[in-house]
file work-v3.txt (compact mmCIF, C-alpha atoms)
# COMPACT_ATOMS: atom_id res chain seq x y z
CA ARG A 1 0.00 0.00 0.00
CA ASN A 2 2.77 2.44 0.92
CA CYS A 3 4.66 1.58 -2.27
CA ARG A 4 1.53 2.21 -4.34
CA LEU A 5 1.06 5.59 -2.65
CA LEU A 6 4.68 6.52 -3.27
CA THR A 7 4.49 5.51 -6.93
CA GLY A 8 1.24 7.44 -7.30
CA SER A 9 2.81 10.48 -5.67
CA PHE A 10 5.76 10.33 -8.06
CA MET A 11 3.44 10.13 -11.09
CA LEU A 12 1.43 13.04 -9.73
CA GLN A 13 4.57 15.16 -9.44
CA GLN A 14 5.53 14.42 -13.04
CA THR A 15 2.03 15.24 -14.33
CA SER A 16 1.93 18.44 -12.28
CA ARG A 17 5.24 19.56 -13.79
CA LEU A 18 3.93 18.99 -17.30
CA LEU A 19 0.69 20.89 -16.57
CA GLY A 20 2.42 23.63 -14.62
CA ARG A 21 0.29 23.00 -11.54
CA ALA A 22 1.15 22.27 -7.92
CA PRO A 23 0.38 18.78 -6.55
CA ALA A 24 -2.81 18.31 -4.58
CA ARG A 25 -2.50 19.25 -0.91
CA GLY A 26 -3.07 15.68 0.34
CA PHE A 27 0.10 14.52 -1.37
CA ALA A 28 2.32 17.39 -0.28
CA ALA A 29 4.04 15.78 2.71
CA LEU A 30 4.55 12.47 0.96
CA SER A 31 5.77 14.08 -2.26
CA ALA A 32 8.44 15.98 -0.37
CA ALA A 33 9.96 12.69 0.77
CA VAL A 34 10.09 11.11 -2.68
CA PRO A 35 13.23 11.56 -4.80
CA ALA A 36 12.98 12.24 -8.51
CA PHE A 37 13.49 8.68 -9.77
CA ALA A 38 14.98 8.29 -13.23
CA THR A 39 12.19 7.16 -15.57
CA SER A 40 14.72 5.70 -18.00
CA PRO A 41 18.30 4.45 -17.58
CA VAL A 42 20.77 7.26 -16.92
CA ASP A 43 24.00 7.88 -18.82
CA HIS A 44 25.75 4.67 -19.92
CA ASP A 45 29.14 5.62 -18.45
CA ILE A 46 27.60 6.45 -15.07
CA ARG A 47 25.67 3.20 -14.85
CA ARG A 48 28.37 0.66 -15.67
CA PRO A 49 31.48 0.55 -13.44
CA THR A 50 31.88 -3.19 -14.06
CA GLU A 51 30.07 -5.97 -15.90
CA PHE A 52 27.92 -8.51 -14.11
CA ASP A 53 29.34 -12.02 -14.48
CA PRO A 54 27.15 -14.93 -13.28
CA ASP A 55 30.18 -17.17 -12.84
CA GLU A 56 31.86 -14.63 -10.60
CA HIS A 57 28.86 -13.18 -8.77
CA LEU A 58 26.26 -15.95 -8.32
CA CYS A 59 26.17 -19.09 -6.16
CA LEU A 60 23.79 -21.51 -7.82
CA SER A 61 23.75 -24.48 -5.43
CA GLY A 62 20.40 -23.46 -3.92
CA PRO A 63 18.94 -23.89 -0.43
CA SER A 64 19.33 -26.88 1.85
CA LYS A 65 15.69 -26.74 2.96
CA VAL A 66 12.41 -25.57 1.40
CA HIS A 67 9.13 -25.14 3.32
CA SER A 68 5.87 -25.89 1.53
CA LEU A 69 2.72 -23.85 2.15
CA GLY A 70 1.39 -26.90 3.96
CA ALA A 71 4.15 -26.46 6.54
CA PHE A 72 2.61 -23.04 7.29
CA GLY A 73 -0.86 -24.57 7.63
CA LEU A 74 -2.15 -23.33 4.27
CA ASP A 75 -3.78 -25.24 1.41
CA ALA A 76 -2.11 -24.34 -1.91
CA LYS A 77 -4.93 -25.88 -3.98
CA ALA A 78 -7.59 -23.92 -2.13
CA LEU A 79 -5.60 -20.73 -2.66
CA ASN A 80 -4.82 -21.67 -6.30
CA VAL A 81 -1.12 -20.95 -5.85
CA ALA A 82 2.13 -22.90 -5.98
CA ASP A 83 2.72 -25.18 -2.98
CA PHE A 84 5.76 -23.20 -1.92
CA GLY A 85 6.16 -21.22 1.29
CA SER A 86 9.76 -20.23 1.84
CA THR A 87 13.34 -21.41 1.81
CA GLU A 88 15.78 -21.34 4.65
CA PRO A 89 18.47 -18.68 4.03
CA PHE A 90 21.13 -19.84 1.55
CA ARG A 91 24.15 -18.23 -0.09
CA LEU A 92 23.07 -16.71 -3.41
CA PHE A 93 25.68 -13.98 -4.00
CA THR A 94 29.47 -14.13 -3.69
CA PRO A 95 31.40 -11.67 -1.49
CA ALA A 96 32.53 -9.86 -4.66
CA CYS A 97 28.89 -9.47 -5.68
CA VAL A 98 27.89 -8.13 -2.26
CA ASP A 99 30.73 -5.59 -2.42
CA MET A 100 29.45 -4.36 -5.79
CA LEU A 101 25.84 -4.19 -4.58
CA GLN A 102 26.87 -2.13 -1.58
CA THR A 103 29.10 0.13 -3.67
CA GLU A 104 26.32 0.80 -6.18
CA ARG A 105 23.68 1.23 -3.50
CA ILE A 106 25.76 3.84 -1.69
CA ARG A 107 26.82 5.55 -4.93
CA PHE A 108 23.21 6.29 -5.84
CA GLN A 109 21.69 6.65 -2.39
CA ASP A 110 20.99 10.39 -2.72
CA ALA A 111 18.84 9.80 -5.81
CA THR A 112 17.02 6.71 -4.57
CA THR A 113 16.38 7.13 -0.82
CA PHE A 114 13.10 8.09 0.78
CA ARG A 115 11.53 7.77 4.22
CA ASN A 116 7.97 6.91 5.20
CA PRO A 117 7.97 6.14 8.94
CA PRO A 118 6.86 4.24 10.86
CA PHE A 119 6.12 1.48 8.31
CA ALA A 120 9.25 2.05 6.18
CA PRO A 121 11.67 4.40 7.99
CA CYS A 122 14.29 4.33 5.21
CA VAL A 123 14.19 2.60 1.82
CA GLN A 124 15.88 2.87 -1.57
CA ARG A 125 13.92 2.52 -4.81
CA GLY A 126 14.77 2.65 -8.50
CA LEU A 127 18.35 1.39 -8.28
CA THR A 128 18.03 -0.62 -11.52
CA HIS A 129 17.50 2.67 -13.39
CA TYR A 130 20.88 3.91 -12.16
CA SER A 131 23.10 0.84 -11.90
CA SER A 132 23.73 -1.50 -14.81
CA PHE A 133 25.29 -4.02 -12.47
CA ILE A 134 22.17 -4.27 -10.31
CA ASP A 135 19.92 -4.26 -13.38
CA TYR A 136 21.83 -7.09 -15.09
CA LEU A 137 22.08 -9.12 -11.89
CA TRP A 138 18.34 -9.27 -11.24
CA SER A 139 17.60 -9.78 -14.95
CA SER A 140 19.98 -12.75 -15.16
CA PRO A 141 18.38 -15.91 -16.62
CA HIS A 142 20.76 -17.95 -14.44
CA LEU A 143 19.15 -16.40 -11.36
CA SER A 144 15.59 -16.83 -12.64
CA ASN A 145 16.24 -20.48 -13.53
CA LEU A 146 17.55 -21.22 -10.04
CA LEU A 147 14.63 -19.53 -8.30
CA SER A 148 12.16 -21.26 -10.62
CA SER A 149 13.57 -24.64 -9.65
CA ILE A 150 13.17 -23.71 -5.98
CA VAL A 151 9.58 -22.45 -6.24
CA GLY A 152 8.48 -25.27 -8.54
CA ILE A 153 7.07 -23.13 -11.36
CA PRO A 154 8.77 -20.83 -13.91
CA ILE A 155 9.15 -17.33 -12.46
CA GLU A 156 10.86 -14.15 -13.64
CA PRO A 157 11.59 -10.68 -12.23
CA HIS A 158 8.63 -8.33 -12.11
CA GLY A 159 8.30 -6.22 -15.26
CA MET A 160 8.29 -2.93 -13.32
CA ALA A 161 11.81 -1.80 -12.52
CA LEU A 162 10.66 -0.29 -9.20
CA GLU A 163 9.77 -3.82 -8.04
CA ARG A 164 13.43 -4.86 -8.38
CA ALA A 165 16.30 -4.20 -5.97
CA HIS A 166 14.18 -2.44 -3.36
CA VAL A 167 16.38 -1.82 -0.29
CA ASN A 168 15.33 -1.64 3.36
CA VAL A 169 17.84 0.27 5.46
CA GLN A 170 18.01 0.19 9.23
CA GLU A 171 20.08 3.32 9.68
CA LYS A 172 21.19 2.78 13.26
CA LYS A 173 21.67 -0.06 15.70
CA MET A 174 18.87 -0.66 18.19
CA ASP A 175 20.11 -0.49 21.77
CA ASP A 176 18.78 -2.50 24.68
CA GLU A 177 16.55 0.39 25.72
CA LEU A 178 14.51 -0.09 22.54
CA ALA A 179 14.33 -3.84 23.04
CA LYS A 180 13.04 -3.96 26.62
CA GLY A 181 11.67 -7.32 27.53
CA GLY A 182 13.93 -9.22 25.11
CA ASP A 183 14.34 -9.60 21.38
CA ASP A 184 10.93 -11.23 20.95
CA GLU A 185 9.19 -8.03 22.05
CA ALA A 186 11.17 -5.67 19.83
CA LYS A 187 9.04 -3.80 17.31
CA PRO A 188 9.53 -4.62 13.60
CA VAL A 189 11.75 -2.25 11.64
CA PHE A 190 9.53 -3.02 8.62
CA GLY A 191 6.02 -3.81 9.79
CA TRP A 192 3.85 -6.89 9.35
CA HIS A 193 2.49 -7.14 5.81
CA THR A 194 1.81 -9.33 2.81
CA ASP A 195 3.18 -8.40 -0.60
CA SER A 196 1.30 -7.25 -3.67
CA GLN A 197 3.55 -9.49 -5.80
CA PRO A 198 3.60 -13.31 -5.56
CA PHE A 199 7.26 -14.05 -4.72
CA VAL A 200 10.16 -12.14 -3.24
CA CYS A 201 13.87 -12.84 -2.99
CA ILE A 202 15.34 -11.10 0.06
CA THR A 203 19.11 -10.72 0.40
CA MET A 204 21.24 -9.57 3.34
CA LEU A 205 23.83 -6.95 2.36
CA SER A 206 25.17 -6.20 5.85
CA ASP A 207 28.01 -8.00 7.57
CA VAL A 208 26.41 -10.10 10.30
CA PRO A 209 28.47 -10.52 13.50
CA GLU A 210 28.89 -13.95 15.07
CA ASP A 211 26.97 -12.75 18.13
CA ALA A 212 24.18 -11.22 16.02
CA ARG A 213 21.07 -10.30 17.97
CA GLY A 214 17.87 -9.67 16.06
CA GLY A 215 17.66 -8.93 12.35
CA GLU A 216 15.48 -11.93 11.53
CA THR A 217 12.53 -12.02 9.19
CA TYR A 218 9.45 -13.32 10.98
CA VAL A 219 6.98 -15.34 8.90
CA GLN A 220 3.58 -16.14 10.39
CA LYS A 221 1.91 -19.54 10.14
CA ALA A 222 -1.86 -20.05 9.96
CA ASP A 223 -2.00 -20.94 13.68
CA GLY A 224 -0.13 -17.78 14.68
CA GLU A 225 3.22 -19.49 15.25
CA VAL A 226 6.21 -17.61 13.83
CA LEU A 227 9.06 -19.02 11.74
CA LYS A 228 12.22 -16.97 12.25
CA LEU A 229 14.57 -16.71 9.28
CA GLN A 230 18.03 -15.48 10.28
CA PHE A 231 20.70 -14.52 7.76
CA PRO A 232 24.08 -16.02 8.74
CA ALA A 233 26.12 -13.60 6.59
CA ALA A 234 26.04 -11.02 3.82
CA GLY A 235 25.14 -12.55 0.45
CA TYR A 236 22.63 -14.99 1.92
CA SER A 237 19.06 -14.89 0.61
CA TYR A 238 15.74 -16.57 1.06
CA VAL A 239 12.75 -16.84 -1.25
CA LEU A 240 9.23 -16.30 0.12
CA GLN A 241 5.69 -16.45 -1.27
CA GLY A 242 5.10 -13.10 0.37
CA SER A 243 1.67 -12.48 -1.14
CA VAL A 244 0.30 -15.35 0.97
CA LEU A 245 2.45 -15.39 4.09
CA PRO A 246 2.45 -12.40 6.51
CA HIS A 247 6.00 -11.37 7.38
CA ALA A 248 7.95 -8.62 9.14
CA ALA A 249 11.58 -7.51 9.39
CA MET A 250 12.86 -7.39 12.95
CA PRO A 251 15.49 -4.87 14.05
CA ALA A 252 19.12 -5.83 14.34
CA LEU A 253 20.10 -5.00 17.89
CA ASN A 254 23.89 -4.97 17.56
CA TYR A 255 24.48 -4.33 13.83
CA GLU A 256 22.98 -2.30 11.00
CA ARG A 257 20.54 -4.26 8.83
CA VAL A 258 20.44 -3.59 5.07
CA THR A 259 18.46 -5.95 2.84
CA MET A 260 17.67 -5.95 -0.90
CA ILE A 261 14.34 -7.31 -2.16
CA THR A 262 13.23 -8.18 -5.68
CA SER A 263 9.73 -9.29 -6.67
CA PHE A 264 9.17 -12.25 -8.98
CA VAL A 265 6.05 -13.29 -10.87
CA PRO A 266 5.02 -16.48 -12.72
CA SER A 267 6.37 -16.57 -16.27
CA ARG A 268 3.08 -18.02 -17.52

call {"tool": "encode", "arguments": {"input": "work-v3.txt", "output": "structure tokens"}}
result
Amino acid sequence: RNCRLLTGSFMLQQTSRLLGRAPARGFAALSAAVPAFATSPVDHDIRRPTEFDPDEHLCLSGPSKVHSLGAFGLDAKALNVADFGSTEPFRLFTPACVDMLQTERIRFQDATTFRNPPFAPCVQRGLTHYSSFIDYLWSSPHLSNLLSSIVGIPIEPHGMALERAHVNVQEKKMDDELAKGGDDEAKPVFGWHTDSQPFVCITMLSDVPEDARGGETYVQKADGEVLKLQFPAAGYSYVLQGSVLPHAAMPALNYERVTMITSFVPSR
């Protein structure tokens, strides 16, 4: 819902510029927080510091464990969806790939960052318009083929570029004062929600300390029980049928949490 509002606000700004009119008052506060996303790829030389190489940047072994929707207490046939719930986190990107993703994310952060607290305190959008590396990575057929084999049906990246390489940024560590009562009672840094797109691939970009506290993704089962997915290191990902399963990002208590999310849809 927030993403739809932000996209609508951006379109309203562009239309208002063309008509020479000010945006409607109801969008004023939100519009002020939205950067002027590039509507087409920017200059070739700016976008491409290095080429994406699947052999160098992808790990294609896949996850060690996959959870069906049945494991979450849901009936895939009744919902008319694939019988896939989520994977456990697995290494998808090499350290060299993570370094490039972080470099590109930071290089274009001024043009792609906006804030919409409390649901999404700090996010980056539109990175594929600015970075060839990020664009080519998420468009890679090697990546789509791997994720299709995991989900059990052919899937591909969402056709809208703004649905690719979305970044959630936890800008500061959460101290014990904000986590009174223990980690389980900490408030999500990205609130409980289901996605408007069928599948998401979520990747950890931050270095995760050995004594990491918090930073999990919580996924809710039909009976209210919560599955906690914890990233062991940067470059690890998990795939989730986020349109069906409610989930939330929990705050990292002793490190800064930065994740990148790309939406996938059925190819047919």

call {"tool": "closest_residue", "arguments": {"input": "work-v3.txt", "among": "A:Pro141, A:Pro154, A:Pro246, A:Pro121", "to": "Phe190 (chain A)", "atoms": "only C-alpha atoms"}}
result
A:Pro121

call {"tool": "atom_distance", "arguments": {"input": "work-v3.txt", "atom1": "CA of Glu163 (chain A)", "atom2": "CA of Arg213 (chain A)"}}
result
29.1 Å

call {"tool": "atom_distance", "arguments": {"input": "work-v3.txt", "atom1": "CA of Asp207 (chain A)", "atom2": "CA of Ala234 (chain A)"}}
result
5.2 Å

call {"tool": "closest_residue", "arguments": {"input": "work-v3.txt", "among": "A:Thr128, A:Ile150, A:Asp211, A:Val265", "to": "Ser196 (chain A)", "atoms": "all atoms listed in the file"}}
result
A:Val265

call {"tool": "atom_distance", "arguments": {"input": "work-v3.txt", "atom1": "CA of Gly214 (chain A)", "atom2": "CA of Leu92 (chain A)"}}
result
21.3 Å

call {"tool": "closest_residue", "arguments": {"input": "work-v3.txt", "among": "A:Val81, A:Ala186, A:Ile134, A:Cys201", "to": "Ile153 (chain A)", "atoms": "only C-alpha atoms"}}
result
A:Val81

call {"tool": "closest_residue", "arguments": {"input": "work-v3.txt", "among": "A:Leu245, A:Val66, A:Ile106, A:Ala165", "to": "Thr262 (chain A)", "atoms": "all atoms listed in the file"}}
result
A:Ala165

call {"tool": "closest_residue", "arguments": {"input": "work-v3.txt", "among": "A:Tyr218, A:Phe199, A:Phe264, A:Phe114", "to": "Asn168 (chain A)", "atoms": "only C-alpha atoms"}}
result
A:Phe114

call {"tool": "closest_residue", "arguments": {"input": "work-v3.txt", "among": "A:Leu74, A:Val167, A:Cys59, A:Leu146", "to": "Thr112 (chain A)", "atoms": "only C-alpha atoms"}}
result
A:Val167

call {"tool": "residues_near_point", "arguments": {"input": "work-v3.txt", "point": "(21.5, -0.6, -9.6)", "cutoff": "12 Å", "atoms": "only C-alpha atoms", "output": "tab-separated table (two decimals) with C-alpha atoms, keeping the file's coordinate frame"}}
result
chain	number	residue	atom	x	y	z
A	38	ALA	CA	14.98	8.29	-13.23
A	41	PRO	CA	18.30	4.45	-17.58
A	42	VAL	CA	20.77	7.26	-16.92
A	46	ILE	CA	27.60	6.45	-15.07
A	47	ARG	CA	25.67	3.20	-14.85
A	48	ARG	CA	28.37	0.66	-15.67
A	49	PRO	CA	31.48	0.55	-13.44
A	50	THR	CA	31.88	-3.19	-14.06
A	51	GLU	CA	30.07	-5.97	-15.90
A	52	PHE	CA	27.92	-8.51	-14.11
A	100	MET	CA	29.45	-4.36	-5.79
A	101	LEU	CA	25.84	-4.19	-4.58
A	102	GLN	CA	26.87	-2.13	-1.58
A	103	THR	CA	29.10	0.13	-3.67
A	104	GLU	CA	26.32	0.80	-6.18
A	105	ARG	CA	23.68	1.23	-3.50
A	106	ILE	CA	25.76	3.84	-1.69
A	107	ARG	CA	26.82	5.55	-4.93
A	108	PHE	CA	23.21	6.29	-5.84
A	109	GLN	CA	21.69	6.65	-2.39
A	111	ALA	CA	18.84	9.80	-5.81
A	112	THR	CA	17.02	6.71	-4.57
A	124	GLN	CA	15.88	2.87	-1.57
A	125	ARG	CA	13.92	2.52	-4.81
A	126	GLY	CA	14.77	2.65	-8.50
A	127	LEU	CA	18.35	1.39	-8.28
A	128	THR	CA	18.03	-0.62	-11.52
A	129	HIS	CA	17.50	2.67	-13.39
A	130	TYR	CA	20.88	3.91	-12.16
A	131	SER	CA	23.10	0.84	-11.90
A	132	SER	CA	23.73	-1.50	-14.81
A	133	PHE	CA	25.29	-4.02	-12.47
A	134	ILE	CA	22.17	-4.27	-10.31
A	135	ASP	CA	19.92	-4.26	-13.38
A	136	TYR	CA	21.83	-7.09	-15.09
A	137	LEU	CA	22.08	-9.12	-11.89
A	138	TRP	CA	18.34	-9.27	-11.24
A	139	SER	CA	17.60	-9.78	-14.95
A	161	ALA	CA	11.81	-1.80	-12.52
A	162	LEU	CA	10.66	-0.29	-9.20
A	164	ARG	CA	13.43	-4.86	-8.38
A	165	ALA	CA	16.30	-4.20	-5.97
A	166	HIS	CA	14.18	-2.44	-3.36
A	167	VAL	CA	16.38	-1.82	-0.29
A	260	MET	CA	17.67	-5.95	-0.90
A	262	THR	CA	13.23	-8.18	-5.68

call {"tool": "decode", "arguments": {"input": "work-v3.txt", "residues": "region 223-262 of chain A", "atoms": "N, CA and C atoms", "output": "short mmCIF file (atom, residue, chain, number, x, y, z; two decimals), in the first residue's frame"}}
result
data_model
loop_
_atom_site.label_atom_id
_atom_site.label_comp_id
_atom_site.auth_asym_id
_atom_site.auth_seq_id
_atom_site.Cartn_x
_atom_site.Cartn_y
_atom_site.Cartn_z
N ASP A 223 -1.60 -20.82 12.27
CA ASP A 223 -2.00 -20.94 13.68
C ASP A 223 -1.40 -19.84 14.55
N GLY A 224 -0.71 -18.88 13.93
CA GLY A 224 -0.13 -17.78 14.68
C GLY A 224 1.32 -17.99 15.07
N GLU A 225 1.81 -19.23 14.96
CA GLU A 225 3.22 -19.49 15.25
C GLU A 225 4.10 -18.75 14.24
N VAL A 226 5.30 -18.40 14.67
CA VAL A 226 6.21 -17.61 13.83
C VAL A 226 7.46 -18.40 13.49
N LEU A 227 7.78 -18.47 12.20
CA LEU A 227 9.06 -19.02 11.74
C LEU A 227 10.05 -17.87 11.65
N LYS A 228 11.21 -18.03 12.26
CA LYS A 228 12.22 -16.97 12.25
C LYS A 228 13.33 -17.34 11.27
N LEU A 229 13.52 -16.49 10.27
CA LEU A 229 14.57 -16.71 9.28
C LEU A 229 15.71 -15.74 9.58
N GLN A 230 16.86 -16.29 9.92
CA GLN A 230 18.03 -15.48 10.28
C GLN A 230 19.11 -15.62 9.22
N PHE A 231 19.60 -14.51 8.73
CA PHE A 231 20.70 -14.52 7.76
C PHE A 231 22.02 -14.77 8.49
N PRO A 232 22.79 -15.77 8.08
CA PRO A 232 24.08 -16.02 8.74
C PRO A 232 25.18 -15.05 8.30
N ALA A 233 25.05 -14.47 7.10
CA ALA A 233 26.12 -13.60 6.59
C ALA A 233 25.59 -12.79 5.41
N ALA A 234 26.37 -11.78 5.02
CA ALA A 234 26.04 -11.02 3.82
C ALA A 234 26.11 -11.93 2.60
N GLY A 235 25.18 -11.72 1.65
CA GLY A 235 25.14 -12.55 0.45
C GLY A 235 24.19 -13.71 0.56
N TYR A 236 23.64 -13.94 1.76
CA TYR A 236 22.63 -14.99 1.92
C TYR A 236 21.25 -14.43 1.59
N SER A 237 20.41 -15.28 1.03
CA SER A 237 19.06 -14.89 0.61
C SER A 237 18.06 -15.95 1.05
N TYR A 238 16.81 -15.58 1.01
CA TYR A 238 15.74 -16.57 1.06
C TYR A 238 14.65 -16.14 0.11
N VAL A 239 13.86 -17.10 -0.35
CA VAL A 239 12.75 -16.84 -1.25
C VAL A 239 11.47 -17.11 -0.46
N LEU A 240 10.46 -16.25 -0.66
CA LEU A 240 9.23 -16.30 0.12
C LEU A 240 8.03 -16.04 -0.79
N GLN A 241 6.95 -16.80 -0.60
CA GLN A 241 5.69 -16.45 -1.27
C GLN A 241 4.99 -15.40 -0.40
N GLY A 242 5.48 -14.18 -0.54
CA GLY A 242 5.10 -13.10 0.37
C GLY A 242 3.70 -12.57 0.18
N SER A 243 3.05 -12.92 -0.93
CA SER A 243 1.67 -12.48 -1.14
C SER A 243 0.70 -13.29 -0.30
N VAL A 244 1.14 -14.44 0.20
CA VAL A 244 0.30 -15.35 0.97
C VAL A 244 0.67 -15.35 2.44
N LEU A 245 1.96 -15.24 2.73
CA LEU A 245 2.45 -15.39 4.09
C LEU A 245 2.77 -14.02 4.72
N PRO A 246 2.10 -13.64 5.81
CA PRO A 246 2.45 -12.40 6.51
C PRO A 246 3.87 -12.47 7.05
N HIS A 247 4.62 -11.37 6.91
CA HIS A 247 6.00 -11.37 7.38
C HIS A 247 6.39 -9.96 7.82
N ALA A 248 7.45 -9.90 8.62
CA ALA A 248 7.95 -8.62 9.14
C ALA A 248 9.45 -8.72 9.34
N ALA A 249 10.13 -7.59 9.18
CA ALA A 249 11.58 -7.51 9.39
C ALA A 249 11.84 -6.99 10.79
N MET A 250 12.57 -7.78 11.58
CA MET A 250 12.86 -7.39 12.95
C MET A 250 14.17 -6.60 13.01
N PRO A 251 14.29 -5.70 13.99
CA PRO A 251 15.49 -4.87 14.05
C PRO A 251 16.72 -5.65 14.48
N ALA A 252 17.84 -5.31 13.87
CA ALA A 252 19.12 -5.83 14.34
C ALA A 252 19.54 -5.02 15.56
N LEU A 253 19.83 -5.70 16.64
CA LEU A 253 20.10 -5.00 17.89
C LEU A 253 21.56 -4.61 18.05
N ASN A 254 22.46 -5.31 17.38
CA ASN A 254 23.89 -4.97 17.56
C ASN A 254 24.62 -4.87 16.21
N TYR A 255 23.87 -4.63 15.14
CA TYR A 255 24.48 -4.33 13.83
C TYR A 255 23.45 -3.62 12.97
N GLU A 256 23.88 -3.04 11.88
CA GLU A 256 22.98 -2.30 11.00
C GLU A 256 22.48 -3.22 9.89
N ARG A 257 21.19 -3.31 9.74
CA ARG A 257 20.54 -4.26 8.83
C ARG A 257 20.19 -3.59 7.51
N VAL A 258 20.77 -4.07 6.41
CA VAL A 258 20.44 -3.59 5.07
C VAL A 258 20.10 -4.79 4.21
N THR A 259 18.89 -4.83 3.67
CA THR A 259 18.46 -5.95 2.84
C THR A 259 17.98 -5.44 1.48
N MET A 260 18.13 -6.27 0.46
CA MET A 260 17.67 -5.95 -0.90
C MET A 260 16.60 -6.96 -1.30
N ILE A 261 15.50 -6.47 -1.84
CA ILE A 261 14.34 -7.31 -2.16
C ILE A 261 13.93 -7.12 -3.62
N THR A 262 13.74 -8.23 -4.32
CA THR A 262 13.23 -8.18 -5.68
C THR A 262 12.01 -9.07 -5.81
#
